[in-house]
Structures are given as structure tokens and as C-alpha cells.
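The file work36.cif contains mmCIF, N, CA and C atoms:
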```cif
data_target
#
loop_
_atom_site.label_atom_id
_atom_site.label_comp_id
_atom_site.auth_asym_id
_atom_site.auth_seq_id
_atom_site.Cartn_x
_atom_site.Cartn_y
_atom_site.Cartn_z
N MET G 1 26.39 83.07 -8.23
CA MET G 1 26.57 82.34 -6.99
C MET G 1 25.29 81.55 -6.70
N PRO G 2 25.39 80.25 -6.33
CA PRO G 2 24.21 79.47 -6.01
C PRO G 2 23.46 80.07 -4.82
N THR G 3 22.15 79.86 -4.83
CA THR G 3 21.30 80.40 -3.77
C THR G 3 21.78 79.99 -2.38
N GLY G 4 22.15 78.73 -2.22
CA GLY G 4 22.57 78.24 -0.92
C GLY G 4 23.73 79.01 -0.31
N ARG G 5 24.67 79.40 -1.13
CA ARG G 5 25.84 80.13 -0.61
C ARG G 5 25.44 81.50 -0.09
N ARG G 6 24.53 82.19 -0.79
CA ARG G 6 24.08 83.49 -0.31
C ARG G 6 23.33 83.34 1.00
N SER G 7 22.46 82.34 1.08
CA SER G 7 21.69 82.13 2.30
C SER G 7 22.59 81.72 3.45
N SER G 8 23.58 80.90 3.16
CA SER G 8 24.52 80.50 4.20
C SER G 8 25.28 81.71 4.72
N ALA G 9 25.62 82.62 3.84
CA ALA G 9 26.32 83.83 4.26
C ALA G 9 25.46 84.64 5.23
N CYS G 10 24.17 84.69 4.98
CA CYS G 10 23.27 85.43 5.89
C CYS G 10 23.21 84.77 7.26
N LEU G 11 23.13 83.45 7.26
CA LEU G 11 23.11 82.72 8.53
C LEU G 11 24.43 82.91 9.27
N ASP G 12 25.54 82.83 8.56
CA ASP G 12 26.85 83.04 9.16
C ASP G 12 26.96 84.45 9.74
N PHE G 13 26.45 85.44 9.02
CA PHE G 13 26.46 86.83 9.47
C PHE G 13 25.69 86.97 10.79
N ALA G 14 24.50 86.35 10.85
CA ALA G 14 23.70 86.42 12.07
C ALA G 14 24.43 85.78 13.24
N ARG G 15 25.03 84.63 13.00
CA ARG G 15 25.77 83.95 14.08
C ARG G 15 26.97 84.77 14.53
N ALA G 16 27.66 85.39 13.59
CA ALA G 16 28.83 86.21 13.92
C ALA G 16 28.44 87.43 14.75
N ARG G 17 27.19 87.85 14.64
CA ARG G 17 26.70 88.99 15.41
C ARG G 17 26.07 88.57 16.73
N GLY G 18 26.19 87.28 17.06
CA GLY G 18 25.75 86.80 18.35
C GLY G 18 24.36 86.20 18.41
N ALA G 19 23.74 85.94 17.26
CA ALA G 19 22.41 85.31 17.28
C ALA G 19 22.51 83.97 17.98
N GLU G 20 21.69 83.78 18.97
CA GLU G 20 21.71 82.54 19.74
C GLU G 20 20.64 81.57 19.29
N ARG G 21 19.56 82.10 18.71
CA ARG G 21 18.47 81.26 18.23
C ARG G 21 17.85 81.91 17.01
N MET G 22 17.54 81.08 16.03
CA MET G 22 16.94 81.58 14.80
C MET G 22 15.42 81.40 14.86
N ILE G 23 14.72 82.38 14.39
CA ILE G 23 13.28 82.28 14.17
C ILE G 23 13.06 82.59 12.70
N CYS G 24 12.58 81.61 11.97
CA CYS G 24 12.49 81.70 10.51
C CYS G 24 11.02 81.79 10.10
N LEU G 25 10.72 82.72 9.20
CA LEU G 25 9.34 83.07 8.90
C LEU G 25 8.91 82.74 7.47
N GLY G 26 8.77 81.51 7.17
CA GLY G 26 8.05 81.02 6.01
C GLY G 26 8.51 81.37 4.62
N ASP G 27 7.90 80.63 3.68
CA ASP G 27 8.18 80.71 2.25
C ASP G 27 9.66 80.49 1.96
N TYR G 28 10.15 79.38 2.48
CA TYR G 28 11.55 79.00 2.28
C TYR G 28 11.77 78.49 0.86
N VAL G 29 10.73 77.86 0.30
CA VAL G 29 10.81 77.31 -1.05
C VAL G 29 9.83 78.04 -1.95
N GLY G 30 10.04 77.85 -3.25
CA GLY G 30 9.15 78.46 -4.23
C GLY G 30 9.77 79.65 -4.94
N TYR G 31 10.93 80.09 -4.49
CA TYR G 31 11.57 81.26 -5.10
C TYR G 31 12.97 80.96 -5.61
N GLY G 32 13.70 80.09 -4.95
CA GLY G 32 15.10 79.88 -5.29
C GLY G 32 15.34 78.62 -6.09
N ALA G 33 16.55 78.49 -6.57
CA ALA G 33 16.92 77.38 -7.46
C ALA G 33 17.47 76.17 -6.73
N ASP G 34 17.52 76.19 -5.40
CA ASP G 34 18.12 75.08 -4.66
C ASP G 34 17.25 74.69 -3.47
N PRO G 35 16.04 74.18 -3.73
CA PRO G 35 15.15 73.85 -2.62
C PRO G 35 15.69 72.74 -1.72
N GLU G 36 16.47 71.81 -2.30
CA GLU G 36 17.02 70.74 -1.47
C GLU G 36 17.92 71.30 -0.38
N TRP G 37 18.84 72.20 -0.77
CA TRP G 37 19.73 72.82 0.20
C TRP G 37 18.93 73.60 1.24
N THR G 38 17.94 74.32 0.77
CA THR G 38 17.13 75.15 1.66
C THR G 38 16.43 74.30 2.71
N VAL G 39 15.78 73.23 2.29
CA VAL G 39 15.05 72.38 3.24
C VAL G 39 16.02 71.67 4.17
N GLU G 40 17.13 71.16 3.65
CA GLU G 40 18.11 70.51 4.52
C GLU G 40 18.65 71.49 5.55
N THR G 41 18.90 72.71 5.13
CA THR G 41 19.39 73.74 6.06
C THR G 41 18.33 74.03 7.12
N MET G 42 17.08 74.18 6.70
CA MET G 42 16.00 74.44 7.66
C MET G 42 15.85 73.27 8.63
N MET G 43 15.94 72.06 8.14
CA MET G 43 15.84 70.88 9.01
C MET G 43 16.94 70.92 10.06
N GLY G 44 18.16 71.26 9.65
CA GLY G 44 19.28 71.36 10.59
C GLY G 44 19.08 72.47 11.60
N LEU G 45 18.57 73.61 11.15
CA LEU G 45 18.33 74.72 12.07
C LEU G 45 17.27 74.33 13.11
N VAL G 46 16.20 73.70 12.66
CA VAL G 46 15.15 73.29 13.60
C VAL G 46 15.68 72.25 14.58
N ASP G 47 16.47 71.31 14.08
CA ASP G 47 17.09 70.31 14.97
C ASP G 47 17.98 70.96 16.02
N SER G 48 18.53 72.13 15.68
CA SER G 48 19.41 72.85 16.61
C SER G 48 18.68 73.87 17.47
N GLY G 49 17.35 73.87 17.40
CA GLY G 49 16.59 74.74 18.28
C GLY G 49 15.91 75.92 17.63
N ALA G 50 16.06 76.09 16.32
CA ALA G 50 15.39 77.21 15.65
C ALA G 50 13.89 76.96 15.61
N MET G 51 13.15 78.04 15.52
CA MET G 51 11.71 77.95 15.33
C MET G 51 11.43 78.29 13.87
N ALA G 52 10.59 77.49 13.23
CA ALA G 52 10.26 77.73 11.82
C ALA G 52 8.75 77.79 11.65
N VAL G 53 8.29 78.82 10.98
CA VAL G 53 6.88 78.99 10.67
C VAL G 53 6.72 78.74 9.18
N ARG G 54 5.74 77.91 8.81
CA ARG G 54 5.47 77.62 7.40
C ARG G 54 4.83 78.82 6.72
N GLY G 55 5.20 79.02 5.47
CA GLY G 55 4.52 79.98 4.61
C GLY G 55 3.59 79.24 3.67
N ASN G 56 2.81 79.98 2.89
CA ASN G 56 1.88 79.33 1.98
C ASN G 56 2.59 78.52 0.89
N HIS G 57 3.78 78.94 0.47
CA HIS G 57 4.52 78.16 -0.52
C HIS G 57 4.99 76.84 0.10
N ASP G 58 5.40 76.88 1.35
CA ASP G 58 5.81 75.66 2.04
C ASP G 58 4.62 74.72 2.20
N ASN G 59 3.46 75.27 2.57
CA ASN G 59 2.24 74.46 2.65
C ASN G 59 1.93 73.81 1.32
N ALA G 60 2.07 74.56 0.24
CA ALA G 60 1.74 74.05 -1.08
C ALA G 60 2.66 72.90 -1.49
N VAL G 61 3.93 72.95 -1.09
CA VAL G 61 4.84 71.85 -1.39
C VAL G 61 4.40 70.58 -0.66
N GLY G 62 3.93 70.74 0.55
CA GLY G 62 3.53 69.59 1.36
C GLY G 62 2.12 69.11 1.12
N SER G 63 1.28 69.92 0.49
CA SER G 63 -0.12 69.57 0.32
C SER G 63 -0.67 70.16 -0.96
N ALA G 64 -1.33 69.32 -1.74
CA ALA G 64 -1.94 69.80 -2.99
C ALA G 64 -3.18 70.64 -2.71
N ALA G 65 -3.62 70.73 -1.47
CA ALA G 65 -4.82 71.48 -1.13
C ALA G 65 -4.61 72.99 -1.17
N GLU G 66 -3.35 73.45 -1.09
CA GLU G 66 -3.05 74.88 -1.12
C GLU G 66 -3.24 75.40 -2.54
N SER G 67 -4.00 76.45 -2.69
CA SER G 67 -4.27 77.04 -4.00
C SER G 67 -3.29 78.18 -4.28
N MET G 68 -2.65 78.15 -5.44
CA MET G 68 -1.66 79.16 -5.82
C MET G 68 -2.00 79.69 -7.20
N ASN G 69 -1.48 80.88 -7.54
CA ASN G 69 -1.64 81.36 -8.92
C ASN G 69 -0.81 80.49 -9.85
N ALA G 70 -1.01 80.62 -11.15
CA ALA G 70 -0.39 79.72 -12.12
C ALA G 70 1.14 79.73 -12.05
N GLN G 71 1.75 80.91 -11.93
CA GLN G 71 3.21 80.98 -11.88
C GLN G 71 3.75 80.34 -10.60
N ALA G 72 3.12 80.64 -9.49
CA ALA G 72 3.56 80.06 -8.22
C ALA G 72 3.34 78.55 -8.23
N GLN G 73 2.23 78.09 -8.80
CA GLN G 73 1.94 76.66 -8.86
C GLN G 73 2.99 75.92 -9.68
N ALA G 74 3.44 76.54 -10.77
CA ALA G 74 4.50 75.92 -11.58
C ALA G 74 5.78 75.79 -10.77
N ALA G 75 6.13 76.80 -9.98
CA ALA G 75 7.32 76.74 -9.13
C ALA G 75 7.16 75.67 -8.05
N ILE G 76 5.96 75.56 -7.50
CA ILE G 76 5.70 74.55 -6.46
C ILE G 76 5.84 73.15 -7.05
N GLU G 77 5.27 72.92 -8.23
CA GLU G 77 5.37 71.59 -8.86
C GLU G 77 6.84 71.24 -9.14
N TRP G 78 7.61 72.20 -9.63
CA TRP G 78 9.03 71.97 -9.87
C TRP G 78 9.74 71.62 -8.57
N THR G 79 9.42 72.38 -7.51
CA THR G 79 10.05 72.16 -6.21
C THR G 79 9.69 70.78 -5.67
N ARG G 80 8.42 70.40 -5.74
CA ARG G 80 8.00 69.07 -5.27
C ARG G 80 8.82 67.97 -5.93
N GLY G 81 9.07 68.13 -7.22
CA GLY G 81 9.84 67.13 -7.96
C GLY G 81 11.29 67.04 -7.55
N ARG G 82 11.80 68.05 -6.94
CA ARG G 82 13.20 68.09 -6.51
C ARG G 82 13.41 67.53 -5.10
N LEU G 83 12.37 67.61 -4.26
CA LEU G 83 12.50 67.23 -2.85
C LEU G 83 12.18 65.77 -2.61
N SER G 84 12.87 65.19 -1.64
CA SER G 84 12.56 63.82 -1.22
C SER G 84 11.28 63.81 -0.38
N ALA G 85 10.75 62.64 -0.14
CA ALA G 85 9.55 62.52 0.70
C ALA G 85 9.82 63.08 2.10
N ALA G 86 10.99 62.82 2.63
CA ALA G 86 11.33 63.34 3.96
C ALA G 86 11.40 64.86 3.95
N GLN G 87 11.97 65.43 2.91
CA GLN G 87 12.05 66.89 2.82
C GLN G 87 10.67 67.50 2.66
N ARG G 88 9.81 66.91 1.82
CA ARG G 88 8.44 67.41 1.67
C ARG G 88 7.68 67.28 2.99
N GLY G 89 7.91 66.20 3.72
CA GLY G 89 7.23 65.96 4.99
C GLY G 89 7.68 66.86 6.12
N PHE G 90 8.86 67.45 5.96
CA PHE G 90 9.39 68.34 7.02
C PHE G 90 8.42 69.44 7.36
N TRP G 91 7.70 69.97 6.38
CA TRP G 91 6.81 71.12 6.62
C TRP G 91 5.71 70.79 7.62
N ARG G 92 5.38 69.52 7.76
CA ARG G 92 4.35 69.15 8.76
C ARG G 92 4.83 69.38 10.19
N THR G 93 6.15 69.48 10.39
CA THR G 93 6.68 69.69 11.73
C THR G 93 6.75 71.17 12.11
N CYS G 94 6.55 72.04 11.13
CA CYS G 94 6.61 73.48 11.38
C CYS G 94 5.22 74.00 11.73
N HIS G 95 5.17 75.14 12.36
CA HIS G 95 3.89 75.72 12.75
C HIS G 95 3.34 76.60 11.67
#
```

Structure translated into C-alpha cells:
Amino acid sequence: MPTGRRSSACLDFARARGAERMICLGDYVGYGADPEWTVETMMGLVDSGAMAVRGNHDNAVGSAAESMNAQAQAAIEWTRGRLSAAQRGFWRTCH
């Protein structure tokens, strides 16, 4: 099953249980195979009132200044290549 479907199921589960606002805690990218879906989903959640906190992997996608170990850096480089400029820039709007 693609990563996005599993994550969507978790969001749907939270909503079905009455979650009124999402608070999302970092490292959205750098681990899964569908960073585009993940960032687009996060952008939509934030537009709908969710609060999103950046993790170090999210910082690394948006800025080459973040230092990562070799394996994480390889994942970050792959992720950067998959995301649009707008998606990479989204992390600047998070805290």
C-alpha cells in the first residue's frame, strides 16, 4: 500500500473520532516514498487550521545548512529532487 493511503487512513481515523484541529510534529519527509503527497497533505491541513512544527528532516529539505548523517542526507537529496519549489518552500511557513 502506498505511504499516502496509510497516512490518509490515520487522518481519517482522527477525524472520525472527533478531532477538530490537527497539531503535527515534524519530520514529515525523509522516511516515506511519497514526499509530494505528504507535503501537499500538510499544506492542506495547515490551510485548514492545523499547526505544523518542522523537524530536522523538514529543515534539511528546505535548507542545505542542516547537517545530516550520510543515510539521512541521501534521503533528503532524493526528497528535494521530488518536490516542487513551492513544496520545498512550505517548510518556511512552519514553526

Tell me which protein, DNA and RNA residues are within 5 Å of range 27-36 of chain G, counting all atoms listed in the file, leaving out same-chain ones fewer than 2 positions away, and put them as a PDB file with N, CA and C atoms, in the frame of the given file.
```pdb
ATOM      1  N   LEU G  25      10.720  82.720   9.200  1.00  0.00           N
ATOM      2  CA  LEU G  25       9.340  83.070   8.900  1.00  0.00           C
ATOM      3  C   LEU G  25       8.910  82.740   7.470  1.00  0.00           C
ATOM      4  N   THR G  38      17.940  74.320   0.770  1.00  0.00           N
ATOM      5  CA  THR G  38      17.130  75.150   1.660  1.00  0.00           C
ATOM      6  C   THR G  38      16.430  74.300   2.710  1.00  0.00           C
ATOM      7  N   VAL G  39      15.780  73.230   2.290  1.00  0.00           N
ATOM      8  CA  VAL G  39      15.050  72.380   3.240  1.00  0.00           C
ATOM      9  C   VAL G  39      16.020  71.670   4.170  1.00  0.00           C
ATOM     10  N   GLU G  40      17.130  71.160   3.650  1.00  0.00           N
ATOM     11  CA  GLU G  40      18.110  70.510   4.520  1.00  0.00           C
ATOM     12  C   GLU G  40      18.650  71.490   5.550  1.00  0.00           C
ATOM     13  N   ARG G  54       5.740  77.910   8.810  1.00  0.00           N
ATOM     14  CA  ARG G  54       5.470  77.620   7.400  1.00  0.00           C
ATOM     15  C   ARG G  54       4.830  78.820   6.720  1.00  0.00           C
ATOM     16  N   GLY G  55       5.200  79.020   5.470  1.00  0.00           N
ATOM     17  CA  GLY G  55       4.520  79.980   4.610  1.00  0.00           C
ATOM     18  C   GLY G  55       3.590  79.240   3.670  1.00  0.00           C
ATOM     19  N   ASP G  58       5.400  76.880   1.350  1.00  0.00           N
ATOM     20  CA  ASP G  58       5.810  75.660   2.040  1.00  0.00           C
ATOM     21  C   ASP G  58       4.620  74.720   2.200  1.00  0.00           C
TER      22      ASP G  58
END
```

Subject >> Backbone DSSP call of alpha helix (DSSP H) for range 7-49 of chain G, listed as a PyMOL selection string >> reply: chain G and resi 7-16+35-47

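Looking only at chain G, the set that DSSP places in strand (DSSP E) from backbone geometry is Ile23, Cys24, Leu25, Met51, Ala52 and Val53 of chain G.
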
**OP:** Quote the spacing between CA of Ile76 in chain G and CA of Thr93 in chain G in Å to one decimal place.
**Re:** 18.9 Å

Original post:
Using only N, CA and C atoms, which of the listed residues (G:Val46, G:Arg80, G:Trp91, G:Ala75) sits closest to Asn59 in chain G?
Top reply: G:Trp91

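The coordinates place atom N of Met22 in chain G at 10.8 Å from CA of Asp47 in chain G.
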
Residues within 7 Å of (15.4, 77.6, 12.6), file coords, all atoms listed in the file, listed as a PDB file with N, CA and C atoms, in the frame of the given file:
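That gives us out_36.pdb:
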```pdb
ATOM      1  N   ARG G  21      19.560  82.100  18.710  1.00  0.00           N
ATOM      2  CA  ARG G  21      18.470  81.260  18.230  1.00  0.00           C
ATOM      3  C   ARG G  21      17.850  81.910  17.010  1.00  0.00           C
ATOM      4  N   MET G  22      17.540  81.080  16.030  1.00  0.00           N
ATOM      5  CA  MET G  22      16.940  81.580  14.800  1.00  0.00           C
ATOM      6  C   MET G  22      15.420  81.400  14.860  1.00  0.00           C
ATOM      7  N   ILE G  23      14.720  82.380  14.390  1.00  0.00           N
ATOM      8  CA  ILE G  23      13.280  82.280  14.170  1.00  0.00           C
ATOM      9  C   ILE G  23      13.060  82.590  12.700  1.00  0.00           C
ATOM     10  N   CYS G  24      12.580  81.610  11.970  1.00  0.00           N
ATOM     11  CA  CYS G  24      12.490  81.700  10.510  1.00  0.00           C
ATOM     12  C   CYS G  24      11.020  81.790  10.100  1.00  0.00           C
ATOM     13  N   MET G  42      17.080  74.180   6.700  1.00  0.00           N
ATOM     14  CA  MET G  42      16.000  74.440   7.660  1.00  0.00           C
ATOM     15  C   MET G  42      15.850  73.270   8.630  1.00  0.00           C
ATOM     16  N   GLY G  44      18.160  71.260   9.650  1.00  0.00           N
ATOM     17  CA  GLY G  44      19.280  71.360  10.590  1.00  0.00           C
ATOM     18  C   GLY G  44      19.080  72.470  11.600  1.00  0.00           C
ATOM     19  N   LEU G  45      18.570  73.610  11.150  1.00  0.00           N
ATOM     20  CA  LEU G  45      18.330  74.720  12.070  1.00  0.00           C
ATOM     21  C   LEU G  45      17.270  74.330  13.110  1.00  0.00           C
ATOM     22  N   VAL G  46      16.200  73.700  12.660  1.00  0.00           N
ATOM     23  CA  VAL G  46      15.150  73.290  13.600  1.00  0.00           C
ATOM     24  C   VAL G  46      15.680  72.250  14.580  1.00  0.00           C
ATOM     25  N   ASP G  47      16.470  71.310  14.080  1.00  0.00           N
ATOM     26  CA  ASP G  47      17.090  70.310  14.970  1.00  0.00           C
ATOM     27  C   ASP G  47      17.980  70.960  16.020  1.00  0.00           C
ATOM     28  N   SER G  48      18.530  72.130  15.680  1.00  0.00           N
ATOM     29  CA  SER G  48      19.410  72.850  16.610  1.00  0.00           C
ATOM     30  C   SER G  48      18.680  73.870  17.470  1.00  0.00           C
ATOM     31  N   GLY G  49      17.350  73.870  17.400  1.00  0.00           N
ATOM     32  CA  GLY G  49      16.590  74.740  18.280  1.00  0.00           C
ATOM     33  C   GLY G  49      15.910  75.920  17.630  1.00  0.00           C
ATOM     34  N   ALA G  50      16.060  76.090  16.320  1.00  0.00           N
ATOM     35  CA  ALA G  50      15.390  77.210  15.650  1.00  0.00           C
ATOM     36  C   ALA G  50      13.890  76.960  15.610  1.00  0.00           C
ATOM     37  N   MET G  51      13.150  78.040  15.520  1.00  0.00           N
ATOM     38  CA  MET G  51      11.710  77.950  15.330  1.00  0.00           C
ATOM     39  C   MET G  51      11.430  78.290  13.870  1.00  0.00           C
ATOM     40  N   ALA G  52      10.590  77.490  13.230  1.00  0.00           N
ATOM     41  CA  ALA G  52      10.260  77.730  11.820  1.00  0.00           C
ATOM     42  C   ALA G  52       8.750  77.790  11.650  1.00  0.00           C
TER      43      ALA G  52
END
```

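For the atom pair formed by atom N of Trp78 in chain G and CA of Cys10 in chain G, the distance is 25.7 Å, given to one decimal.
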
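Minimum distance to His95 in chain G across G:Asn56, G:Ala9, G:Thr41, G:Arg17 (counting only C-alpha atoms) occurs at G:Asn56.
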
**OP:** Evaluate the PyMOL selection byres (((chain G and resi 63 and name CA) around 12) and name CA) here and jot the selected residues down as a ChimeraX atom specification.
**Re:** /G:56-62,64-68,73,76-77,80,85,88-92
